[in-house]
Each structure stands twice: as C-alpha cells, then as structure tokens.
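Peer 1: Once you've had a glance at the structure underneath, I'll fire off some questions.
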Amino acid sequence: MIHPLIIRHVNNYPQRHVTTSSLFRLNRPNRLDLASLPKSTKKMESQSRSTSHNQTVDDDSRLITTATTRRIQRLTLHLNPNPPPPEEEQQQLLQRLSCGSRAKLEVDKAALSIYMKGKYSQIQDRIFEFFNSRPDLQTPVGIPKDEHRELCWKQLLGLVREAGVRPFLCVADDPGKYFAIVEAAGSVDMSLGVKLGVQYSLWGGSVLNLGTKKHKDKYYDGIDNLDYPGCFAMTELHHGSNVQGLQTVATFDPLTDEFIIDTPNDGAIKWWIGNAAVHGKFATVFAKLMLPTLDEKGVTDMGVHAFIVPIRDMKTHQTLPGIEIHDCGHKVGLNGVDNGALRFRSVRIPRDNLLNRFGDVSRDGKYTSSLPTINKRFAATLGELVGGRVGLAYSSVGVLKIAVTIATRYSLLRQQFGPPKQPEVSILDYQSQQHKLMPMLASTYAFYFATKHLVEQYSEMKKTHDEQLVADVHALSAGLKSYVTSYTAKSLSVCREACGGHGYAAVNRFGSLRNDHDIFQTFEGDNTVLLQQVAADLLKRYKEKFQGGTFAVTWNYLRESMNTYLSQPNPVTVRWEGEDHLRDPKFQLDAFRYRTSRLLQSVAVRLRKHSKTLGGFGAWNRCLNHLLTLAESHIETVILAKFIEGVQNCPDPSSRAALKLVCDLYALNRIWNDIGTYRNVDYVAPNKAKAIHKLTEYLSFQVRNIAGELVDAFDLPDHVTRAPIAMKSEAYSQYTHYVGF
Ligand SMILES: Cc1cc2nc3c(=O)[nH]c(=O)nc-3n(C[C@H](O)[C@H](O)[C@H](O)COP(=O)(O)OP(=O)(O)OC[C@H]3O[C@@H](n4cnc5c(N)ncnc54)[C@H](O)[C@@H]3O)c2cc1C
C-alpha cells in the first residue's frame with residue numbers, strides 16, 4: 001500500500017508535469033547524482049513551486065520531478081521499506097505524479113474505430129478475411145524474387161476472380177472505394193497493392209482517362225478481369241521526372257494507317273515498367289507523336305502522347321516481334337512486382353491505338369485537338385493521372401498505421417528497468433519513447449483526415465471536372481503524396497529502432513515495410529519535384545491575388561493570414577502561454593498560416609530580386625530550399641485544418657475528446673519543431689516557446705495513456721499486422737513459437 005501521505009503530498013504539489021519517465025530515470029543505475037546539482041537549479045526548483053495553477057506549464061519539470069521523486073522515495077522507504085505497491089496503485093501513483101489532478105481520458109474504442117474506419121471498412125474487412133482464409137496466398141518472410149512475383153500475381157487473381165473484388169469498377173464510379181481496396185491489398189503485401197495499382201490505376205487508368213469510347217469498349221472487360229494485364233510505360237533510362245524530355249517516337253504512316261513505335265537510342269529504353277518483365281500483355285507507351293510534313297524536316301513533333309502497344313502474344317505469351325524486354329532485376333523492395341525495360345524497333349500499331357481524348361490524327365494524317373498548345377495537351381494528359389498520387393498518399397497512411405500499431409503495442413508490452421525493488425516499467429513510459437512515437441501516432445491520425453479529404457476532392461473532381469477543383473486536386477495530391485510518404489519513410493526507421501533488437505527480426509515487419517514503402521517517395525513523381533509544383537502553384541495564386549484574383553478554396557486562408565503577416569505580430573499575444581490559448585485551434589492554425597504566408601511573401605520577393613540577374617531558372621534554383629519549405633508548410637497547414645475539422649465533426653464525445661488531444665499534440669509538436677522560425681520573427685516570445693515545449697511533452701504523455709486505444713481504433717486484425725511482437729495477446733509466446741520453441 002502507498003501511504004496516503006504520499007498521495008496527498010503529490011496532489012498538493014503545484015506542478016502537473018512530472019513525468020513518469022524522468023521519475024524512473026533517476027532510479028536506474030549509473031545515473032547522474034541529482035543531489036549534486038548546482039545550487040542555481042535548487043533556486044529554480046523553489047521558484048517553480050510558486051508557479052500559479054493557471055499558468056500552464058512548469059518552469060522545469062525535470063527539476064520538480066527530482067525533488068518530488070526524492071521525497072517519495074524517502075517516504076516510501078520510510079513507511080514501507082520493501083514491498084512494491086500493487087500494480088494498480090502504482091499506476092495511480094504514476095498517474096498523479098505525471099499529470100496532477102487530470103484523469104486518463106476514457107476512450108470508447110468502438111465508437112472511435114467506427115469514425116476512423118469510415119465508409120469503406122466493409123470492403124477492407126472482406127479483403128483481410130479473404131487472405132486470412134487462404135494461407136497459400138500469404139507472403140512468407142524471405143520469399144525469393146521469382147516466387148514472390150508469381151505469388152503476387154496469384155494474389156491479384158484470387159482477389160479479383162475468387163473474392164470477387166472488382167477494383168476497376170471503382171476506378172471511375174467510386175474512387176474512394178478503389179483507394180480503400182488498394183490500401184487493404186497493400187496491407188496484405190505492399191507488392192500486391194502496387195501490382196494492383198499498375199493494372200488498374202496506371203494501365204487501366206490510362207485507357208479510361210486518356211482514351212475514348214472505342215478504347216473502353218475494346219479493353220475494359222479484359223483489364224477488369226485480368227485477361228489483359230498491362231503496363232504504363234512512361235519512364236525512360238534517361239528521363240523520369242522530366243516527362244517532356246522523353247525520346248521514344250510514334251511516327252504516323254499514312255500509307256498503312258499505322259503508328260511506328262521506335263526507341264531511337266539506349267537512353268530512350270523504357271525503364272522500370274511495372275508488369276513488363278513477366279505478366280504484361282499490353283503497354284500504354286508514352287511517345288512523341290510525329291506527323292509527316294511536306295517541309296524539309298519531313299515530320300512535325302506534336303508532343304508526348306499515349307499509345308496502346310501489345311507486347312506479348314495473347315495465346316503463347318511470347319514477346320511480339322520488334323519488342324525486346326529485359327528484367328530490371330532484384331530491387332530494394334517490392335520484389336513481387338515485375339519491373340522491366342522495353343525497347344521498340346519499328347513496332348507497328350493501328351492508328352486507333354492512339355489514346356485520343358486530348359488529340360487525334362485523322363486517316364489523312366491531320367492532327368486535331370480541343371486544346372490549343374502542346375503544353376496544354378501535356379498538362380491535360382498528366383492531369384488525368386493524379387489518381388496514382390492520391391492512391392499513394394492514402395496507402396502510405398495505411399503503412400504508417402501498421403508500423404505505428406506494431407511499435408506502440410510492443411512498447412506497451414516491453415518492460416525495461418524500473419524504480420528500485422519495484423516492477424519494471426513499460427518502455428512507453430519513458431519520455432524519450434513517447435517523444436519518438438506519440439507525435440507519430442498523432443500524425444497518423446492527422447494524415448488520415450487529410451488524405452480522406454483529398455480522396456473526397458478527387459472524387460468530386462472526377463464527377464464535375466470543375467477547372468478550379470482540377471487545379472486544387474493537382475497541387476493537393478502532389479503535396480500530400482510528398483509530405484506523407486516522406487514522413488512515413490522516416491517513421492519506419494524510427495519504429496524499427498523504437499522496438500530495439502526485436503524490431504530487426506524480419507518477421508516483425510519493419511524491414512519489409514521500410515524497403516517496400518521507400519520508393520513511394522519517388523514513383524508517381526519524385527517528392528522534391530512534386531513539392532516544387534505545390535510552391536509554383538502557391539506563387540501563381542499569390543501573383544493572381546495581387547492582380548485582383550481570388551485564392552481557391554483550399555488556399556483561401558492565405559488571403560486573411562497574408563494581411564496578418566503584413567502587420568506586426570501582436571506584442572501581447574506573442575507572450576500568451578496559457579494552456580487554453582495554446583490548445584485553441586485558432587492559435588494553432590493562425591501560427592501555421594502565418595508561417596506559410598511569411599514564407600510565400602519572402603520567397604516571392606527573393607525570386608523577383610534574383611531573376612533580374614540569374615533568370616527564372618537560376619532564381620528558382622537559388623531559392624529552392626526556401627520553396628520546398630514553403631510547400632511543406634502549406635501542406636502541414638492543410639493537414640492541421642482537416643484534422644481540426646475531423647475533431648469537430650466527430651459525433652461521439654469521448655472520441656472527440658481523444659481526437660482533440662491527439663490533434664493538439666500534432667499541432668504543437670509541429671510548431672515546436674519549427675520554433676526557431678517563430679522565434680526569429682518574434683511570433684512567439686521565449687516564455688511562450690518554453691510553454692509550447694513543455695505542453696508538447698505533457699500531451700505526449702497524455703496520448704501515451706490512451707495509446708493502446710488509439711491504435712486499436714485502426715482495427716487492424718493480427719493477421720494483417722502479422723508482427724508477433726505486436727499481437728493483441730500472448731505476443732511473446734507467439735514470437736517464441738515462431739522461432740521454433
Ligand atoms: C520500383 C519502381 C517502379 C516503377 N514503376 C514505373 C512504371 O510502372 N511506369 C513508369 O513509367 N515508371 C515507373 N517507375 C519510374 C519512376 O516513376 C521514376 O523513377 C520517377 O518518376 C523518378 O524519376 P527518376 O528515377 O528519373 O529520378 P530523377 O528525376 O532522375 O531524380 C533523381 C534525383 O534528382 C532530383 N531531381 C530531379 N529533378 C529535380 C529538380 N527539378 N529539382 C530538384 N531536384 C531534382 C530528385 O529529387 C531525385 O532526388 C518506377 C520506378 C521504380 C523504382
């Protein structure tokens with residue numbers, strides 16, 4: 001039993017940010033002797049005791065912890081020298097030590113889960129159940145490349161032909177459902193998610209979005225039922241990001257009414273093409289359309305267009321004449337996907353194989369298009385392909401959910417060290433572990449709401465084709481794809497490390513998740529390149545605004561915050577440090593928006609200045625890091641705004657309270673990460689910066705208290721997370737069983 005004196009003493013203590021981790025750290029061997037700290041720290045301790053209750057944050061929680069801990073240790077030993085307190089009471093003590101009078105939030109897991117799973121949970125559950133019922137379709141750890149490719153193809157066939165899931169129907173009719181299918185398939189095996197994406201978003205999507213009725217009539221069913229496995233052949237050996245630099249040519253031959261596809265040099269070999277090495281029968285090949293002319297050049301380059309090229313015989317599966325295919329080989333990850341390289345030597349295809357939605361060639365070789373310039377046609381063509389980016393952003397959140405679930409469950413289970421003669425504590429009680437994982441858990445929630453918004457916007461755009469929405473979705477998908485995939489990629493390493501040695505066992509997933517996901521940062525647009533598109537879009541709108549235009553819906557906030565930015569920060573509010581203020585969504589959003597406005601305005605000035613001497617390209621490069629920071633800042637702002645909306649719209653009060661806590665952690669952690677910027681411009685005074693830091697640590701602790709419920713709300717079954725160390729029960733025995741005990 002803990003003596004009531006201790007409890008009273010703790011309750012009377014004016015601070016509430018004494019953390020369990022700092023408490024325990026004191027008791028571990030070889031730690032600093034805290035009694036020997038210099039006198040000045042003791043002075044701070046006594047000062048901190050006089051801090052009033054309505055001041056939010058401790059002056060120095062570690063020192064308070066020191067004093068409190070010593071007192072408790074003395075009292076505990078005096079009153080009861082040996083027996084450790086029963087676990088529940090110990091927990092209560094820790095609770096009080098850690099957050100004063102605040103109780104742990106009660107979370108209604110079921111209600112939160114319903115809210116977080118959204119309207120496509122049924123199809124996802126169906127996919128999980130199908131693979132759970134088919135052990136022969138589950139990917140074993142360490143499967144060799146060629147077997148993995150065959151298994152991945154069987155998984156896809158099983159999903160479509162046996163489980164009756166029809167992704168292609170959803171690509172056009174219900175994109176939200178389609179992205180949910182891709183996420184769930186990717187949770188089973190990321191290679192499967194990507195293979196599915198190649199077939200339906202890339203190959204299928206190119207036919208649907210760039211073709212016309214004749215193409216849909218001819219190819220739709222075969223794509224849907226997998227009789228026509230296909231590729232999306234855009235990238236070449238010498239050109240990936242710079243699509244306008246592609247060199248493959250498609251020359252129209254009016255005599256035979258055909259296009260002749262040619263790879264003019266080795267640099268133009270199509271490279272990295274998914275489905276090409278083994279399974280593909282067709283490829284959508286991106287090539288410069290060349291029309292014969294009567295001038296001395298003999299041909300005119302009409303810009304990059306897409307053509308359907310059969311690459312293997314439908315019956316024998318032999319590579320067709322004029323086509324050479326090689327395997328791109330073993331990759332860092334995603335080895336279930338067969339990426340290949342293709343060379344074309346005078347391959348003839350009918351004129352009808354031009355995907356002619358944005359430009360057509362008549363029988364007599366005349367070019368027609370509703371769009372006036374090559375650039376406009378190019379933009380329209382690429383604009384139709386943003387679905388792939390939306391899918392990657394969405395699936396990346398799915399990967400983050402799995403990783404954070406494994407790391408959090410294991411961190412709750414795992415115990416290392418503890419106070420003398422008391423049980424060891426869970427590693428998630430350490431402040432450092434909370435710091436690694438709780439903002440990540442908060443970010444996972446934040447990204448869920450942001451990508452859900454993106455999917456809704458995308459679906460709306462597909463319905464209405466509203467021009468403004470098209471531009472909005474283009475920038476939003478580029479920004480979210482970059483931001484989320486970069487964050488997930490980094491987090492996978494953090495999760496591995498947070499699980500110590502057992503995080504390194506392949507069976508516990510981090511290795512494959514990390515390797516498979518890593519390329520999400522590059523394909524469907526390199527992240528650094530995509531962020532520049534976001535920055536360019538912001539600048540374009542900024543310029544338009546000063547010419548009397550308006551910001552699009554997503555960008556509306558800039559109008560207001562630009563005005564705030566152009567005035568000086570309010571000298572009173574920069575010092576406000578009360579918890580109510582720091583947890584006010586208005587303060588948080590204002591801070592994010594202020595930062596974006598500032599970055600936007602300052603980079604516009606710099607670009608103008610440098611372009612006079614360096615030209616447009618040089619000036620852009622001179623300001624490139626600034627531009628990338630601007631794009632990230634904008635995307636963080638959009639994410640926060642969507643998270644705040646997600647909290648406000650949550651119908652269940654207990655879930656809403658939990659989400660509010662998580663949202664506050666997301667916001668304050670991001671502000672703290674960039675505190676130098678805020679301090680530099682005096683948006684935040686030193687006392688406020690300190691308060692933000694302390695409150696962030698405190699919120700991490702509070703989130704830790706409901707971390708189990710928060711990851712449970714993702715509702716990922718054990719057969720999806722699969723890591724033995726993260727099983728909902730008997731994790732250790734499942735792990736020992738796995739290695740053969
Ligand atoms: C596993 C895998 C599967 C793929 N599947 C397909 C597929 O099915 N079909 C297909 O067509 N393609 C596919 N790709 C190709 C992929 O889309 C490209 O790799 C991607 O577009 C990036 O192009 P890149 O490799 O040429 O990189 P690069 O553009 O050469 O980029 C290399 C580096 O240069 C930097 N960089 C480039 N330009 C700029 C700039 N303007 N400013 C600043 N930095 C810059 C980038 O940030 C990056 O760090 C696949 C690739 C892989 C690895």
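In the structure tokens, the first chain shown is A, the next is B, and so on; residue numbers restart at 1 for each chain, and ligands run from 1 in the order shown.
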Please extract the residues at most 6 Å from ligand 1, counting only C-alpha atoms and all ligand atoms, and provide them as an MDAnalysis selection string, using the chain letters and residue numbers of this document.
Peer 2: chainID A and resid 232:235 239:241 272:274 522:526 528:529
Peer 1: How would the residues just picked look written out with C-alpha atoms as a PDB file, in the first residue's frame?
Peer 2:
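Result file follows (out10.pdb):
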```
ATOM      1  CA  PHE A 232       2.229   2.026 -68.021  1.00  0.00           C
ATOM      2  CA  ALA A 233       5.414   2.782 -69.938  1.00  0.00           C
ATOM      3  CA  MET A 234       6.361   6.381 -69.369  1.00  0.00           C
ATOM      4  CA  THR A 235       9.822   6.473 -67.720  1.00  0.00           C
ATOM      5  CA  HIS A 239      14.253  10.625 -68.288  1.00  0.00           C
ATOM      6  CA  GLY A 240      11.996  10.044 -65.320  1.00  0.00           C
ATOM      7  CA  SER A 241      10.842  13.259 -63.682  1.00  0.00           C
ATOM      8  CA  TRP A 272      11.166   0.397 -64.505  1.00  0.00           C
ATOM      9  CA  ILE A 273       7.928  -0.563 -66.206  1.00  0.00           C
ATOM     10  CA  GLY A 274       5.696  -2.497 -63.786  1.00  0.00           C
ATOM     11  CA  THR A 522       9.964   8.542 -55.864  1.00  0.00           C
ATOM     12  CA  PHE A 523       7.426   6.923 -58.148  1.00  0.00           C
ATOM     13  CA  GLU A 524       4.326   8.728 -59.336  1.00  0.00           C
ATOM     14  CA  GLY A 525       6.528  11.813 -59.109  1.00  0.00           C
ATOM     15  CA  ASP A 526       9.677  12.401 -57.082  1.00  0.00           C
ATOM     16  CA  THR A 528      11.227  17.036 -54.284  1.00  0.00           C
ATOM     17  CA  VAL A 529       9.906  17.650 -57.773  1.00  0.00           C
TER      18      VAL A 529
END
```
Peer 1: With DSSP run on the backbone, what are the helix (DSSP H, G or I) residues within range 511-737 of chain A? I'd like them as a PyMOL selection string.
Peer 2: chain A and resi 511-521+527-546+553-555+557-566+573-575+579-582+585-622+624-648+653-673+675-680+686-705+707-712+718-721+724-726+731-737
Peer 1: Excluding Val662 in chain A and its own-chain neighbours fewer than 2 positions away, which residues fall within 9 Å of it when counting only C-alpha atoms? Please give them as a list in words.
Peer 2: Met438, Pro439, Leu441, Ala442, Ser443, Tyr445, Ala446, Ala657, Ala658, Leu659, Lys660, Asp664, Leu665, Tyr666, Ala667, Leu699, Ser700, Gln702 and Val703 of chain A
Peer 1: For C-alpha atoms, I'd like the residues from the last selection saved as a compact mmCIF listing (two decimals), in the first residue's frame.
Peer 2:
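Written output follows (again-v5.txt):
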```
# COMPACT_ATOMS: atom_id res chain seq x y z
CA MET A 438 3.34 9.74 -29.81
CA PRO A 439 3.74 12.62 -32.30
CA LEU A 441 0.69 8.38 -33.74
CA ALA A 442 -0.82 11.87 -33.79
CA SER A 443 0.49 12.40 -37.33
CA TYR A 445 -4.46 10.43 -37.31
CA ALA A 446 -3.79 13.80 -38.90
CA ALA A 657 -12.04 14.42 -26.65
CA ALA A 658 -9.40 11.84 -27.57
CA LEU A 659 -9.06 13.27 -31.07
CA LYS A 660 -8.76 16.80 -29.69
CA ASP A 664 -3.25 19.36 -30.11
CA LEU A 665 -0.18 17.18 -29.94
CA TYR A 666 0.12 17.18 -33.74
CA ALA A 667 -0.16 20.97 -33.90
CA LEU A 699 0.44 15.96 -24.31
CA SER A 700 2.74 13.16 -25.45
CA GLN A 702 -1.42 12.07 -22.14
CA VAL A 703 -1.57 10.44 -25.56
```
Peer 1: Can you list, as a list in words, every protein, DNA or RNA residue that comes within 12 Å of Arg622 in chain A when you count only C-alpha atoms, leaving out same-chain residues fewer than 6 positions away?
Peer 2: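 Skipping anything fewer than 6 positions along the chain leaves Val603, Arg606, Leu607, Arg608, Lys609, His610, Ser611, Thr613, Leu614, Gly615, Gly616 and Leu628 of chain A.
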Peer 1: For C-alpha atoms, I'd like the residues from the last selection saved as a short mmCIF file (atom, residue, chain, number, x, y, z; two decimals), in the first residue's frame.
Peer 2:
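Saved file selection22.cif follows:
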```
data_model
loop_
_atom_site.label_atom_id
_atom_site.label_comp_id
_atom_site.auth_asym_id
_atom_site.auth_seq_id
_atom_site.Cartn_x
_atom_site.Cartn_y
_atom_site.Cartn_z
CA VAL A 603 10.23 33.86 -51.41
CA ARG A 606 13.63 36.85 -53.35
CA LEU A 607 12.60 35.31 -56.66
CA ARG A 608 11.86 38.73 -58.11
CA LYS A 609 15.22 40.00 -56.96
CA HIS A 610 17.31 37.05 -58.20
CA SER A 611 15.54 36.64 -61.51
CA THR A 613 20.47 38.63 -62.55
CA LEU A 614 20.05 34.86 -62.75
CA GLY A 615 16.99 34.48 -64.97
CA GLY A 616 13.92 32.46 -63.99
CA LEU A 628 10.38 23.42 -50.54
#
```
Peer 1: Quick one: residues within 10 Å of range 383-391 of chain A, only C-alpha atoms counted, chain neighbours fewer than 6 positions away excluded, as a PyMOL selection string?
Peer 2: chain A and resi 171+175-176+178-183+193-194+197-198+200-202+205-206+208-210+377+451-452+454-455+458-459+462+470-471+473-482+520+523-525
Peer 1: Please identify the strand (DSSP E) residues within range 161-292 of chain A (assignment by DSSP from backbone atoms) and present them as a JSON list (two decimals) with C-alpha atoms, in the first residue's frame.
Peer 2:
```json
[["chain", "number", "residue", "atom", "x", "y", "z"],
["A", 230, "GLY", "CA", -0.87, -4.27, -68.80],
["A", 231, "CYS", "CA", 1.83, -1.71, -68.18],
["A", 232, "PHE", "CA", 2.23, 2.03, -68.02],
["A", 233, "ALA", "CA", 5.41, 2.78, -69.94],
["A", 249, "VAL", "CA", 8.76, 8.28, -81.03],
["A", 250, "ALA", "CA", 5.47, 7.28, -82.63],
["A", 251, "THR", "CA", 5.55, 8.26, -86.30],
["A", 252, "PHE", "CA", 2.33, 8.18, -88.31],
["A", 253, "ASP", "CA", 2.47, 6.21, -91.56],
["A", 258, "GLU", "CA", -0.39, 2.92, -88.55],
["A", 259, "PHE", "CA", 1.95, 4.41, -85.98],
["A", 260, "ILE", "CA", 5.51, 3.14, -85.89],
["A", 261, "ILE", "CA", 6.94, 3.00, -82.37],
["A", 262, "ASP", "CA", 10.70, 3.37, -82.09],
["A", 270, "LYS", "CA", 11.50, 2.34, -71.25],
["A", 271, "TRP", "CA", 12.73, 1.52, -67.77],
["A", 272, "TRP", "CA", 11.17, 0.40, -64.51],
["A", 273, "ILE", "CA", 7.93, -0.56, -66.21],
["A", 274, "GLY", "CA", 5.70, -2.50, -63.79],
["A", 282, "PHE", "CA", -0.11, -4.61, -73.34],
["A", 283, "ALA", "CA", 1.63, -1.36, -72.55],
["A", 284, "THR", "CA", 0.46, 2.24, -72.69],
["A", 285, "VAL", "CA", 3.58, 3.74, -74.21],
["A", 286, "PHE", "CA", 4.25, 7.47, -73.90],
["A", 287, "ALA", "CA", 5.99, 8.75, -77.01],
["A", 288, "LYS", "CA", 6.37, 11.89, -79.10],
["A", 289, "LEU", "CA", 3.78, 11.88, -81.84],
["A", 290, "MET", "CA", 5.47, 12.64, -85.20],
["A", 291, "LEU", "CA", 3.39, 13.65, -88.20],
["A", 292, "PRO", "CA", 4.81, 13.61, -91.73]]
```
Peer 1: Calculated over only C-alpha atoms, which of the candidates A:Gln122, A:Ser655, A:Thr300, A:Gln521 has the smallest distance to Lys366 in chain A?
Peer 2: A:Thr300
